[in-house]
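Q: Got a file for you: query34.cif, mmCIF, C-alpha atoms.
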```cif
data_entry
loop_
_atom_site.label_atom_id
_atom_site.label_comp_id
_atom_site.auth_asym_id
_atom_site.auth_seq_id
_atom_site.Cartn_x
_atom_site.Cartn_y
_atom_site.Cartn_z
CA MET A 1 2.65 -25.39 10.59
CA LEU A 2 0.16 -24.64 7.79
CA LEU A 3 -1.07 -27.51 5.68
CA GLU A 4 -0.66 -27.12 1.93
CA TYR A 5 -3.83 -25.72 0.41
CA GLN A 6 -5.70 -28.00 -1.97
CA LYS A 7 -8.45 -26.80 -4.29
CA PRO A 8 -11.80 -27.76 -2.71
CA LEU A 9 -14.35 -29.93 -4.43
CA THR A 10 -16.86 -27.08 -4.07
CA PRO A 11 -15.96 -23.41 -4.60
CA LEU A 12 -16.00 -20.90 -1.77
CA ASN A 13 -18.33 -17.92 -1.79
CA VAL A 14 -16.19 -14.98 -0.72
CA ILE A 15 -17.27 -11.46 0.23
CA TYR A 16 -14.42 -8.91 0.16
CA ILE A 17 -15.13 -5.53 1.81
CA SER A 18 -12.87 -2.53 1.28
CA LYS A 19 -14.03 1.07 1.18
CA TYR A 20 -10.91 2.16 -0.71
CA ALA A 21 -10.63 -0.61 -3.29
CA SER A 22 -10.55 0.42 -6.95
CA TYR A 23 -9.80 -0.80 -10.46
CA ALA A 24 -9.35 0.65 -13.94
CA PRO A 25 -10.69 2.86 -15.40
CA TYR A 26 -11.79 4.40 -12.10
CA GLY A 27 -8.39 4.24 -10.43
CA VAL A 28 -5.41 1.98 -9.83
CA GLU A 29 -6.26 -1.70 -9.48
CA THR A 30 -5.74 -2.32 -5.77
CA ARG A 31 -4.74 -5.57 -4.07
CA HIS A 32 -8.35 -6.38 -3.24
CA LEU A 33 -9.13 -6.78 -6.92
CA TYR A 34 -6.05 -8.67 -8.02
CA ILE A 35 -6.35 -11.06 -5.07
CA SER A 36 -10.04 -11.53 -5.89
CA LYS A 37 -9.21 -12.21 -9.54
CA HIS A 38 -6.74 -14.89 -8.50
CA LEU A 39 -9.32 -16.49 -6.23
CA VAL A 40 -11.69 -16.61 -9.21
CA THR A 41 -9.04 -18.38 -11.31
CA LEU A 42 -8.90 -21.02 -8.55
CA GLY A 43 -12.62 -21.63 -8.97
CA HIS A 44 -14.02 -19.51 -6.15
CA ASN A 45 -16.82 -16.93 -6.34
CA VAL A 46 -15.89 -13.45 -5.12
CA LYS A 47 -17.95 -10.31 -4.60
CA VAL A 48 -16.22 -7.04 -3.69
CA TYR A 49 -18.02 -4.17 -1.97
CA LEU A 50 -16.32 -0.79 -2.32
CA SER A 51 -17.14 2.91 -2.08
CA ASP A 52 -17.42 5.65 -4.69
CA SER A 53 -16.18 8.12 -2.03
CA ASN A 54 -12.44 7.71 -2.43
CA HIS A 55 -9.98 10.58 -2.97
CA GLN A 56 -7.72 8.30 -5.03
CA LEU A 57 -10.32 7.56 -7.71
CA SER A 58 -9.68 9.17 -11.10
CA LYS A 59 -13.40 9.20 -11.82
CA ILE A 60 -16.71 8.15 -10.28
CA PRO A 61 -18.11 4.83 -11.58
CA THR A 62 -21.09 4.89 -13.88
CA LEU A 63 -21.96 1.21 -13.48
CA TYR A 64 -22.56 0.47 -9.80
CA GLU A 65 -22.92 -3.29 -10.24
CA ASP A 66 -20.18 -4.67 -12.42
CA ILE A 67 -18.21 -7.79 -13.34
CA HIS A 68 -14.45 -7.17 -13.43
CA ASP A 69 -12.49 -10.11 -14.84
CA GLY A 70 -14.89 -12.58 -13.24
CA VAL A 71 -15.17 -10.71 -9.94
CA GLU A 72 -18.58 -9.36 -8.93
CA VAL A 73 -18.28 -5.71 -7.90
CA GLU A 74 -20.80 -3.50 -6.16
CA TRP A 75 -20.07 0.18 -5.54
CA ILE A 76 -21.80 1.77 -2.55
CA LYS A 77 -22.86 5.40 -3.07
CA THR A 78 -21.26 7.19 -0.15
CA LEU A 79 -20.97 10.71 1.27
CA LYS A 80 -18.27 12.57 -0.69
CA TYR A 81 -15.36 14.50 0.85
CA GLN A 82 -12.69 16.84 -0.52
CA LYS A 83 -9.95 16.83 2.12
CA PRO A 84 -8.19 13.49 2.77
CA TYR A 85 -7.60 14.49 6.41
CA GLY A 86 -10.94 16.26 6.97
CA ILE A 87 -13.90 15.37 9.18
CA LYS A 88 -16.07 14.60 6.15
CA ARG A 89 -13.83 11.66 5.31
CA ILE A 90 -14.54 10.19 8.75
CA LEU A 91 -18.26 10.78 8.26
CA SER A 92 -18.04 8.93 4.94
CA TRP A 93 -16.80 5.86 6.85
CA PHE A 94 -20.02 5.75 8.89
CA ASP A 95 -22.13 6.42 5.81
CA PHE A 96 -20.45 3.56 3.92
CA GLU A 97 -20.95 1.05 6.75
CA TRP A 98 -24.61 2.01 7.27
CA LYS A 99 -25.45 1.67 3.58
CA LEU A 100 -23.35 -1.49 3.26
CA ARG A 101 -25.22 -3.14 6.13
CA LYS A 102 -28.55 -2.45 4.45
CA ARG A 103 -27.19 -3.95 1.23
CA LEU A 104 -25.77 -7.03 2.99
CA LYS A 105 -29.14 -7.74 4.57
CA ARG A 106 -30.49 -8.28 1.06
CA THR A 107 -27.74 -10.67 -0.05
CA THR A 108 -29.02 -14.01 -1.33
CA LYS A 109 -25.71 -15.87 -1.56
CA ARG A 110 -24.48 -17.32 1.73
CA PRO A 111 -20.77 -16.45 2.20
CA ASP A 112 -18.22 -19.06 3.29
CA VAL A 113 -15.49 -16.48 3.84
CA VAL A 114 -15.61 -12.74 4.52
CA ILE A 115 -12.46 -10.65 4.06
CA VAL A 116 -12.52 -7.19 5.61
CA SER A 117 -9.75 -4.79 4.63
CA SER A 118 -9.00 -1.66 6.63
CA LEU A 119 -9.39 1.22 6.04
CA SER A 120 -12.12 1.83 7.09
CA LEU A 121 -11.63 0.13 10.42
CA LEU A 122 -15.40 0.30 10.93
CA SER A 123 -15.86 -2.33 8.21
CA ILE A 124 -14.81 -5.07 10.60
CA LEU A 125 -18.14 -4.57 12.41
CA ASN A 126 -19.99 -5.60 9.26
CA GLY A 127 -17.58 -8.51 8.94
CA ILE A 128 -18.36 -9.69 12.49
CA TRP A 129 -22.09 -9.33 11.81
CA LEU A 130 -21.77 -11.51 8.69
CA LYS A 131 -19.76 -14.11 10.61
CA LYS A 132 -22.42 -14.40 13.29
CA LYS A 133 -25.30 -14.43 10.80
CA TYR A 134 -23.86 -17.06 8.45
CA ALA A 135 -21.30 -18.90 10.64
CA CYS A 136 -18.68 -18.10 8.00
CA LYS A 137 -14.94 -17.58 8.43
CA LEU A 138 -13.70 -14.03 8.96
CA VAL A 139 -10.39 -12.64 7.66
CA PHE A 140 -9.21 -9.26 8.98
CA GLU A 141 -6.79 -7.63 6.55
CA VAL A 142 -4.75 -4.82 8.14
CA ARG A 143 -3.07 -2.44 5.71
CA ASP A 144 -2.53 0.41 8.20
CA ILE A 145 -2.55 -0.02 11.97
CA TRP A 146 -5.46 2.14 13.03
CA PRO A 147 -6.02 3.87 15.32
CA LEU A 148 -2.28 3.87 16.16
CA VAL A 149 -1.47 5.59 12.89
CA LEU A 150 -3.90 8.37 13.85
CA MET A 151 -1.48 9.59 16.52
CA ARG A 152 1.27 9.77 13.88
CA ILE A 153 -0.68 11.90 11.40
CA SER A 154 -2.43 14.15 13.94
CA SER A 155 -2.12 15.59 17.46
CA ILE A 156 -4.77 13.23 18.83
CA SER A 157 -3.94 11.32 22.04
CA GLU A 158 -4.81 7.78 23.06
CA TYR A 159 -7.30 9.22 25.55
CA ASN A 160 -9.28 11.02 22.87
CA PRO A 161 -12.85 9.56 22.78
CA PHE A 162 -12.67 8.90 19.03
CA TYR A 163 -9.31 7.15 19.41
CA MET A 164 -10.69 5.02 22.23
CA PHE A 165 -13.76 4.19 20.12
CA LEU A 166 -11.58 2.99 17.22
CA ALA A 167 -9.29 1.09 19.61
CA ARG A 168 -12.26 -0.89 20.91
CA ILE A 169 -13.29 -1.76 17.36
CA GLU A 170 -9.74 -2.81 16.48
CA LYS A 171 -9.56 -5.13 19.50
CA LYS A 172 -12.99 -6.57 18.72
CA GLY A 173 -11.79 -7.23 15.17
CA TYR A 174 -8.74 -9.16 16.31
CA GLN A 175 -10.78 -11.13 18.85
CA ASN A 176 -13.42 -12.21 16.35
CA SER A 177 -11.23 -12.91 13.32
CA ASP A 178 -10.40 -16.45 12.29
CA VAL A 179 -7.40 -15.28 10.27
CA ILE A 180 -5.49 -11.99 10.53
CA ILE A 181 -3.31 -10.87 7.64
CA GLY A 182 -1.16 -7.76 7.51
CA THR A 183 0.88 -5.97 4.89
CA MET A 184 3.48 -5.16 7.57
CA PRO A 185 5.78 -8.06 8.58
CA ASN A 186 5.61 -7.69 12.36
CA LEU A 187 1.87 -7.15 12.83
CA LYS A 188 1.72 -10.17 15.14
CA GLU A 189 3.57 -8.21 17.85
CA HIS A 190 0.99 -5.42 17.70
CA VAL A 191 -1.89 -7.92 17.81
CA ALA A 192 -0.31 -9.55 20.88
CA ASN A 193 0.01 -6.12 22.54
CA ILE A 194 -3.69 -5.39 21.95
CA LEU A 195 -5.00 -8.80 23.03
CA ASN A 196 -2.42 -9.42 25.79
CA LYS A 197 -1.86 -12.84 24.27
CA GLU A 198 -0.34 -14.41 21.17
CA LYS A 199 -2.49 -14.75 18.06
CA SER A 200 -1.22 -15.59 14.61
CA ALA A 201 -0.98 -12.78 12.07
CA ILE A 202 0.18 -13.67 8.56
CA TRP A 203 2.44 -11.35 6.59
CA MET A 204 0.89 -10.80 3.17
CA PRO A 205 2.62 -7.82 1.51
CA HIS A 206 1.52 -5.86 -1.53
CA LEU A 207 2.00 -8.20 -4.48
CA ILE A 208 2.95 -8.18 -8.14
CA ASN A 209 -0.23 -7.64 -10.10
CA THR A 210 0.10 -10.03 -13.04
CA GLY A 211 -2.75 -8.22 -14.74
CA VAL A 212 -0.59 -5.14 -15.29
CA ILE A 213 1.45 -5.37 -18.50
CA HIS A 214 4.34 -3.01 -17.87
CA SER A 215 5.19 -0.71 -20.76
CA GLU A 216 8.78 -0.23 -21.88
CA THR A 217 8.17 3.51 -22.31
CA HIS A 218 6.50 6.37 -20.45
CA ILE A 219 5.17 9.80 -21.33
CA TYR A 220 7.98 11.72 -19.61
CA SER A 221 10.89 10.14 -21.48
CA ASN A 222 11.84 13.36 -23.28
CA GLU A 223 11.82 15.33 -20.03
CA ILE A 224 14.20 12.83 -18.43
CA LYS A 225 16.51 13.11 -21.43
CA GLU A 226 16.51 16.90 -21.02
CA ILE A 227 17.56 16.50 -17.39
CA ARG A 228 20.45 14.29 -18.45
CA ALA A 229 21.39 16.80 -21.15
CA LYS A 230 21.84 19.49 -18.48
CA GLY A 231 24.80 17.52 -17.17
CA TYR A 232 23.25 15.67 -14.25
CA SER A 233 25.11 12.39 -13.93
CA HIS A 234 22.70 10.78 -11.48
CA ILE A 235 18.94 10.97 -10.96
CA ILE A 236 17.13 10.12 -7.73
CA GLY A 237 13.54 9.09 -8.39
CA TYR A 238 10.45 8.92 -6.21
CA ALA A 239 7.01 7.59 -7.15
CA GLY A 240 3.92 7.79 -4.99
CA SER A 241 1.80 10.19 -3.01
CA ILE A 242 3.31 13.61 -2.35
CA ASN A 243 2.63 13.81 1.39
CA ARG A 244 4.39 14.42 4.69
CA SER A 245 4.58 10.80 5.80
CA SER A 246 6.88 9.91 2.88
CA SER A 247 9.39 12.53 4.07
CA ILE A 248 9.81 14.02 0.59
CA GLU A 249 10.74 17.37 2.11
CA LEU A 250 13.85 15.74 3.57
CA LEU A 251 15.11 14.91 0.10
CA LEU A 252 14.22 18.35 -1.25
CA GLN A 253 16.00 20.09 1.61
CA GLY A 254 19.19 18.51 0.33
CA ALA A 255 18.50 19.43 -3.30
CA GLU A 256 20.95 22.36 -3.42
CA LYS A 257 23.88 20.27 -2.21
CA LEU A 258 22.88 17.45 -4.53
CA LYS A 259 22.91 19.91 -7.43
CA ASP A 260 26.55 20.75 -6.66
CA ASN A 261 27.29 17.03 -7.12
CA ASN A 262 25.35 16.81 -10.41
CA VAL A 263 22.48 14.86 -8.86
CA ALA A 264 18.89 15.60 -9.96
CA ILE A 265 15.61 14.73 -8.23
CA VAL A 266 12.45 13.63 -10.05
CA LEU A 267 9.16 13.19 -8.18
CA LEU A 268 6.27 11.32 -9.78
CA GLY A 269 2.79 11.58 -8.30
CA ASN A 270 0.09 13.79 -6.85
CA GLY A 271 -0.90 14.52 -3.28
CA PRO A 272 -1.79 17.10 -0.63
CA LEU A 273 1.73 18.60 -0.51
CA LEU A 274 2.35 18.86 -4.25
CA ALA A 275 1.37 22.50 -4.80
CA GLU A 276 3.24 23.67 -1.71
CA LEU A 277 6.46 21.84 -2.61
CA GLU A 278 6.34 22.94 -6.25
CA GLU A 279 6.24 26.54 -5.06
CA MET A 280 9.00 26.10 -2.47
CA TYR A 281 11.52 24.12 -4.54
CA THR A 282 12.22 25.65 -7.94
CA LEU A 283 15.83 24.57 -8.32
CA ASP A 284 17.03 23.44 -11.73
CA ASN A 285 17.68 19.90 -10.47
CA VAL A 286 14.17 19.34 -9.04
CA SER A 287 11.34 18.18 -11.31
CA PHE A 288 7.74 17.31 -10.47
CA PHE A 289 5.73 15.02 -12.75
CA ASN A 290 2.02 14.32 -12.52
CA LYS A 291 0.89 10.78 -11.85
CA ILE A 292 0.88 8.43 -14.85
CA SER A 293 -0.88 5.17 -15.64
CA GLN A 294 0.14 2.22 -13.49
CA ASN A 295 1.70 0.31 -16.38
CA GLN A 296 4.20 3.15 -17.10
CA VAL A 297 5.59 3.61 -13.58
CA VAL A 298 8.29 0.93 -13.80
CA ALA A 299 9.57 2.36 -17.11
CA PHE A 300 9.81 5.81 -15.47
CA LEU A 301 11.73 4.41 -12.48
CA LYS A 302 14.12 2.51 -14.73
CA GLU A 303 15.34 5.85 -16.09
CA CYS A 304 16.50 6.83 -12.60
CA ASP A 305 19.79 5.76 -11.00
CA PHE A 306 18.49 5.49 -7.41
CA LEU A 307 15.01 5.31 -5.91
CA TYR A 308 14.09 7.19 -2.75
CA ASP A 309 11.52 6.67 -0.04
CA GLY A 310 11.30 8.19 3.40
CA TYR A 311 9.58 7.82 6.76
CA LEU A 312 9.06 10.07 9.75
CA LYS A 313 10.31 8.92 13.13
CA SER A 314 7.57 6.86 14.74
CA GLU A 315 7.22 3.90 17.06
CA ILE A 316 4.62 2.48 14.68
CA TYR A 317 7.40 1.18 12.43
CA GLN A 318 8.48 -1.33 15.07
CA PHE A 319 5.80 -3.44 13.38
CA GLY A 320 7.29 -2.90 9.90
CA ASN A 321 6.06 -0.94 6.91
CA SER A 322 3.57 -1.67 4.16
CA ARG A 323 3.87 0.68 1.20
CA ASN A 324 2.77 -0.69 -2.15
CA LYS A 325 5.31 1.37 -4.12
CA TYR A 326 7.99 -1.24 -3.40
CA VAL A 327 6.50 -3.58 -5.99
CA GLU A 328 7.34 -1.10 -8.76
CA TYR A 329 10.62 -0.13 -7.09
CA CYS A 330 11.76 -3.77 -7.09
CA LEU A 331 10.62 -4.43 -10.67
CA ALA A 332 12.60 -1.38 -11.81
CA THR A 333 15.84 -3.09 -10.64
CA ARG A 334 17.37 0.07 -9.22
CA PRO A 335 19.17 0.54 -5.87
CA MET A 336 17.09 2.21 -3.16
CA ILE A 337 17.91 4.75 -0.51
CA VAL A 338 15.37 4.89 2.32
CA SER A 339 15.30 7.07 5.44
CA TYR A 340 13.81 4.64 7.93
CA GLU A 341 14.05 3.28 11.44
CA GLY A 342 12.01 0.32 12.58
CA PHE A 343 11.46 -3.42 12.12
CA ASP A 344 13.74 -5.31 9.71
CA PHE A 345 13.43 -3.97 6.18
CA PHE A 346 13.93 -6.00 3.00
CA VAL A 347 16.11 -3.23 1.50
CA GLU A 348 18.76 -4.03 4.10
CA GLN A 349 18.05 -7.76 4.40
CA TYR A 350 18.38 -8.38 0.65
CA ASN A 351 21.06 -5.72 0.07
CA CYS A 352 18.85 -3.74 -2.31
CA GLY A 353 20.30 -0.38 -1.29
CA ILE A 354 20.99 1.54 1.90
CA ILE A 355 19.01 2.68 4.93
CA VAL A 356 19.73 6.05 6.56
CA LYS A 357 18.39 7.68 9.71
CA PRO A 358 14.97 9.32 9.29
CA GLU A 359 14.56 13.09 9.46
CA SER A 360 18.30 13.73 8.92
CA VAL A 361 19.28 15.62 5.78
CA ASP A 362 22.99 15.11 6.51
CA ASP A 363 22.62 11.33 6.78
CA LEU A 364 20.57 11.25 3.60
CA LEU A 365 23.18 13.25 1.69
CA LYS A 366 25.93 10.96 2.96
CA GLY A 367 23.88 7.98 1.80
CA VAL A 368 23.46 9.42 -1.68
CA GLU A 369 27.19 10.15 -1.84
CA LEU A 370 27.89 6.56 -0.84
CA LEU A 371 25.72 5.26 -3.67
CA VAL A 372 27.25 7.66 -6.21
CA GLN A 373 30.73 6.39 -5.32
CA LYS A 374 29.84 2.72 -5.64
CA ASP A 375 31.01 0.66 -8.59
CA THR A 376 28.48 0.26 -11.42
CA GLN A 377 28.48 -3.52 -11.02
CA VAL A 378 27.71 -3.24 -7.29
CA LEU A 379 24.76 -0.95 -8.03
CA LYS A 380 23.53 -3.35 -10.68
CA GLU A 381 23.65 -6.23 -8.19
CA MET A 382 21.65 -4.17 -5.67
CA GLY A 383 18.94 -3.62 -8.28
CA GLU A 384 18.92 -7.32 -9.15
CA ASN A 385 18.62 -8.19 -5.45
CA ALA A 386 15.49 -6.04 -5.26
CA PHE A 387 14.01 -7.85 -8.25
CA ASN A 388 14.85 -11.23 -6.69
CA PHE A 389 13.13 -10.20 -3.46
CA ALA A 390 9.97 -9.46 -5.44
CA VAL A 391 10.11 -12.77 -7.30
CA GLU A 392 10.60 -14.72 -4.07
CA ASN A 393 8.09 -12.90 -1.85
CA LEU A 394 5.55 -10.91 -3.89
CA GLN A 395 3.93 -13.56 -6.07
CA ILE A 396 0.13 -13.66 -5.88
CA SER A 397 -0.12 -17.44 -6.23
CA SER A 398 2.08 -18.30 -3.24
CA GLN A 399 0.61 -15.60 -0.99
CA VAL A 400 -3.02 -16.48 -1.76
CA ASN A 401 -2.14 -20.14 -1.22
CA LYS A 402 -0.84 -19.16 2.24
CA LEU A 403 -4.14 -17.42 3.03
CA LEU A 404 -6.25 -20.35 1.86
CA SER A 405 -4.09 -22.78 3.82
CA ALA A 406 -4.66 -20.73 6.96
CA LEU A 407 -8.42 -20.78 6.35
CA ASN A 408 -8.25 -24.52 5.74
CA ASN A 409 -6.76 -24.94 9.24
CA VAL A 410 -9.46 -22.93 11.05
#
```
If you convert what's in this file into structure tokens, what do you get?
A:
Amino acid sequence: MLLEYQKPLTPLNVIYISKYASYAPYGVETRHLYISKHLVTLGHNVKVYLSDSNHQLSKIPTLYEDIHDGVEVEWIKTLKYQKPYGIKRILSWFDFEWKLRKRLKRTTKRPDVVIVSSLSLLSILNGIWLKKKYACKLVFEVRDIWPLVLMRISSISEYNPFYMFLARIEKKGYQNSDVIIGTMPNLKEHVANILNKEKSAIWMPHLINTGVIHSETHIYSNEIKEIRAKGYSHIIGYAGSINRSSSIELLLQGAEKLKDNNVAIVLLGNGPLLAELEEMYTLDNVSFFNKISQNQVVAFLKECDFLYDGYLKSEIYQFGNSRNKYVEYCLATRPMIVSYEGFDFFVEQYNCGIIVKPESVDDLLKGVELLVQKDTQVLKEMGENAFNFAVENLQISSQVNKLLSALNNV
């Protein structure tokens, strides 16, 4: 049992490493920054190292050493890449770690805690080096289970030399970490499988960023009104990356039948599949909208009747899922329909909507029909359940307290 965390008499010096961290105006403020900001409010000193080679950045930083709401930030100039799934992205991982190591050798402030967030998985090697050099505590934050996820997004096998190389690093990370945290709820089972023994792994999901003041309006309000004016009684919304892993094609494959039932689809976001899907699906009830500022997303989702997300069939989900879109989905207080199969999912546990089989258009259409037929009050309660889940489980203060308590017990 974890002891309750108490603010120390002396502040901790924390180094937080994440190649893909970001904050406004360069991109969305990621969990690394809002967790760091909360640590600062508790009296700790935090420095974040991040990379300017990140396909999700809206622009390259101009100030490479910065202070963001009390958090020290240092951007590492890293090899750029164009394709998110290309070889250059992998090369940028090595470039980031090499340049980061040289920078860390010049650090003058002794860290008490080092938090390493994957991706890149290679960063844990710098975390282990810092732990040995300074005898500090090491936290391994797992946001995607690499290299296992590599088999899901490619044809690579577990006997591929690169896979085996990453697998050795992953195991080394788990072995050397004082605390393991994961955005997926059943990470501890995966850790046990890798180490062949039990080791604690704390569930720390994506959290409500209190620094984001959600707008009551969004820039596509008129377009949504036009969709309603065409006679569509229900709108299914999706927000996030337009990629294969979110199974957006599944929803679009059912668009024609949904149109017959006066159901429209609105997709908000950018991604590698956007151009292809825009060309393939030109039905009157399908609309694509470019990504908007983070503080407008909830307002956009509130104009929808149901919110969709999808997953491909994969054994990786036996450890749960970890998408950050569910923060906005829950705050929008709308019922969800998710094509998913895997570890227990809050959508089902909290009765926030319905789960259907993945990769089945027929099951998805039946699920939508089921939602359409439900009483308005029942749908409202589902949306409220989602909001209550967020309030109970996605608060920064309680989750950071859990992390600090774990560190206090090491």
Q: Contacts between range 69-74 of chain A and range 81-131 of chain A, please, where a residue of range 81-131 of chain A counts if it comes within 12 Å (with all atoms listed in the file); show its shortest atom pair and distance in Å to one decimal, rows by chain and ascending number, as JSON lines.
A:
```
{"residue": "A:Lys99", "atom": "CA", "partner": "A:Glu74", "partner_atom": "CA", "distance": 12.0}
{"residue": "A:Leu100", "atom": "CA", "partner": "A:Glu74", "partner_atom": "CA", "distance": 10.0}
{"residue": "A:Arg103", "atom": "CA", "partner": "A:Glu74", "partner_atom": "CA", "distance": 9.8}
{"residue": "A:Leu104", "atom": "CA", "partner": "A:Glu74", "partner_atom": "CA", "distance": 11.0}
{"residue": "A:Thr107", "atom": "CA", "partner": "A:Glu74", "partner_atom": "CA", "distance": 11.7}
```
Q: Name every residue that the PyMOL selection byres ((chain A and resi 93) around 9) selects in this structure, writing the answer as a PDB file with C-alpha atoms, in the coordinates of the input with chains first and numbers rising.
A:
```pdb
ATOM      1  CA  LYS A  19     -14.030   1.070   1.180  1.00  0.00           C
ATOM      2  CA  THR A  78     -21.260   7.190  -0.150  1.00  0.00           C
ATOM      3  CA  LEU A  79     -20.970  10.710   1.270  1.00  0.00           C
ATOM      4  CA  LYS A  88     -16.070  14.600   6.150  1.00  0.00           C
ATOM      5  CA  ARG A  89     -13.830  11.660   5.310  1.00  0.00           C
ATOM      6  CA  ILE A  90     -14.540  10.190   8.750  1.00  0.00           C
ATOM      7  CA  LEU A  91     -18.260  10.780   8.260  1.00  0.00           C
ATOM      8  CA  SER A  92     -18.040   8.930   4.940  1.00  0.00           C
ATOM      9  CA  PHE A  94     -20.020   5.750   8.890  1.00  0.00           C
ATOM     10  CA  ASP A  95     -22.130   6.420   5.810  1.00  0.00           C
ATOM     11  CA  PHE A  96     -20.450   3.560   3.920  1.00  0.00           C
ATOM     12  CA  GLU A  97     -20.950   1.050   6.750  1.00  0.00           C
ATOM     13  CA  TRP A  98     -24.610   2.010   7.270  1.00  0.00           C
ATOM     14  CA  LEU A 119      -9.390   1.220   6.040  1.00  0.00           C
ATOM     15  CA  SER A 120     -12.120   1.830   7.090  1.00  0.00           C
ATOM     16  CA  LEU A 121     -11.630   0.130  10.420  1.00  0.00           C
ATOM     17  CA  LEU A 122     -15.400   0.300  10.930  1.00  0.00           C
ATOM     18  CA  SER A 123     -15.860  -2.330   8.210  1.00  0.00           C
TER      19      SER A 123
END
```
Q: What does the distance from CA of Tyr163 in chain A to CA of Pro147 in chain A come to in Å, to one decimal?
A: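 About the pair CA of Tyr163 in chain A and CA of Pro147 in chain A: they are 6.2 Å apart.
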Q: Just want the 10 Å neighbourhood of Val297 in chain A, counted on only C-alpha atoms, with same-chain residues fewer than 4 positions away dropped. Output as a list in words.
A: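 Final neighbour list, sorted by chain and number: His214, Ser215, Glu216, Thr217, His218, Ile219, Ala239, Gly240, Leu268, Gly269, Lys291, Ile292, Ser293, Leu301, Lys302, Lys325, Glu328, Tyr329, Leu331 and Ala332 of chain A.
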Q: Given the point (9.9, -4.7, 12.9) in the coordinates of this file, which residues lie within 10 Å, counting only C-alpha atoms, and how would they look as a count of residues only?
A: 17
Q: Using only C-alpha atoms, which of A:Val361, A:Val212, A:Ile15, A:Val28 sits nearest Glu256 in chain A?
A: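 Result for the nearest residue to Glu256 in chain A: A:Val361.
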Q: In Å, how far is it from CA of Asn126 in chain A to CA of Ile180 in chain A?
A: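 Taking CA of Asn126 in chain A and CA of Ile180 in chain A, their separation equals 15.9 Å.
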Q: Could you give me, as a tab-separated table, a per-residue list for range 135-221 of chain A showing, wherever an atom lies at most 12 Å from an atom of range 372-389 of chain A, the closest pair of atoms and their distance in Å to one decimal, using only C-alpha atoms and sorting by chain then residue number from low to high?
A:
```
residue	atom	partner	partner_atom	distance
A:Pro205	CA	A:Phe389	CA	11.9
A:Leu207	CA	A:Phe389	CA	11.4
A:Ile208	CA	A:Phe387	CA	11.1
```
Q: Can you list, as a PyMOL selection string, every protein, DNA or RNA residue that comes within 7 Å of range 174-178 of chain A when you count only C-alpha atoms, leaving out same-chain residues fewer than 4 positions away?
A: chain A and resi 128+137-140+170+410
Q: Using the selection just defined, write its residues with C-alpha atoms as a short mmCIF file (atom, residue, chain, number, x, y, z; two decimals), in the frame of the given file.
A:
```cif
data_model
loop_
_atom_site.label_atom_id
_atom_site.label_comp_id
_atom_site.auth_asym_id
_atom_site.auth_seq_id
_atom_site.Cartn_x
_atom_site.Cartn_y
_atom_site.Cartn_z
CA ILE A 128 -18.36 -9.69 12.49
CA LYS A 137 -14.94 -17.58 8.43
CA LEU A 138 -13.70 -14.03 8.96
CA VAL A 139 -10.39 -12.64 7.66
CA PHE A 140 -9.21 -9.26 8.98
CA GLU A 170 -9.74 -2.81 16.48
CA VAL A 410 -9.46 -22.93 11.05
#
```
Q: Using Å and a single decimal, report how far CA of Ile67 in chain A sits from CA of Val179 in chain A.
A: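 Value for the CA of Val179 in chain A-CA of Ile67 in chain A distance: 27.0 Å.
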Q: Around the point (-4.7, -13.0, -1.7) (coordinates from the file), which residues reach within 8 Å if we count only C-alpha atoms? Answer as a list in words.
A: Arg31, His32, Tyr34, Ile35, Ser36, His38, Leu39, Met204, Ile396, Ser397, Gln399, Val400, Asn401 and Leu403 of chain A
Q: With C-alpha atoms kept, could you save the residues just selected as a short mmCIF file (atom, residue, chain, number, x, y, z; two decimals), in the frame of the given file?
A:
```
data_model
loop_
_atom_site.label_atom_id
_atom_site.label_comp_id
_atom_site.auth_asym_id
_atom_site.auth_seq_id
_atom_site.Cartn_x
_atom_site.Cartn_y
_atom_site.Cartn_z
CA ARG A 31 -4.74 -5.57 -4.07
CA HIS A 32 -8.35 -6.38 -3.24
CA TYR A 34 -6.05 -8.67 -8.02
CA ILE A 35 -6.35 -11.06 -5.07
CA SER A 36 -10.04 -11.53 -5.89
CA HIS A 38 -6.74 -14.89 -8.50
CA LEU A 39 -9.32 -16.49 -6.23
CA MET A 204 0.89 -10.80 3.17
CA ILE A 396 0.13 -13.66 -5.88
CA SER A 397 -0.12 -17.44 -6.23
CA GLN A 399 0.61 -15.60 -0.99
CA VAL A 400 -3.02 -16.48 -1.76
CA ASN A 401 -2.14 -20.14 -1.22
CA LEU A 403 -4.14 -17.42 3.03
#
```
Q: On this structure, which residues satisfy the PyMOL selection byres ((chain A and resi 84) around 10), written as JSON, numbers by chain?
A: {"A": [54, 55, 56, 81, 82, 83, 85, 86, 87, 88, 89, 90, 271, 272]}
Q: Using all atoms listed in the file, pick whichever of A:Asp144, A:Glu276, A:Glu223, A:Glu369 has the shortest atom-to-atom distance to Arg323 in chain A.
A: A:Asp144
Q: Selection in question (the file shown): the PyMOL selection byres ((chain A and resi 27) around 10). Which residues does it include, as a list in words?
A: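 Listing what the PyMOL selection byres ((chain A and resi 27) around 10) selects in the shown file: Ala21, Ser22, Tyr23, Ala24, Pro25, Tyr26, Val28, Glu29, Thr30, Asn54, His55, Gln56, Leu57, Ser58, Lys59, Ile60, Pro61, Ser293 and Gln294 of chain A.
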Q: From the set A:Val391, A:Ile156, A:Ile265, A:Val48, which residue has the shortest atom-to-atom contact distance to Ile115 in chain A, counting all atoms listed in the file?
A: A:Val48
Q: So that I can check the surroundings of Val263 in chain A, please list as a list in words every protein, DNA and RNA residue that reaches within 7 Å of it, counting only C-alpha atoms and ignoring chain neighbours fewer than 3 positions away.
A: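 Selected residues are Tyr232, Ser233, His234, Ile235, Leu258 and Lys259 of chain A.
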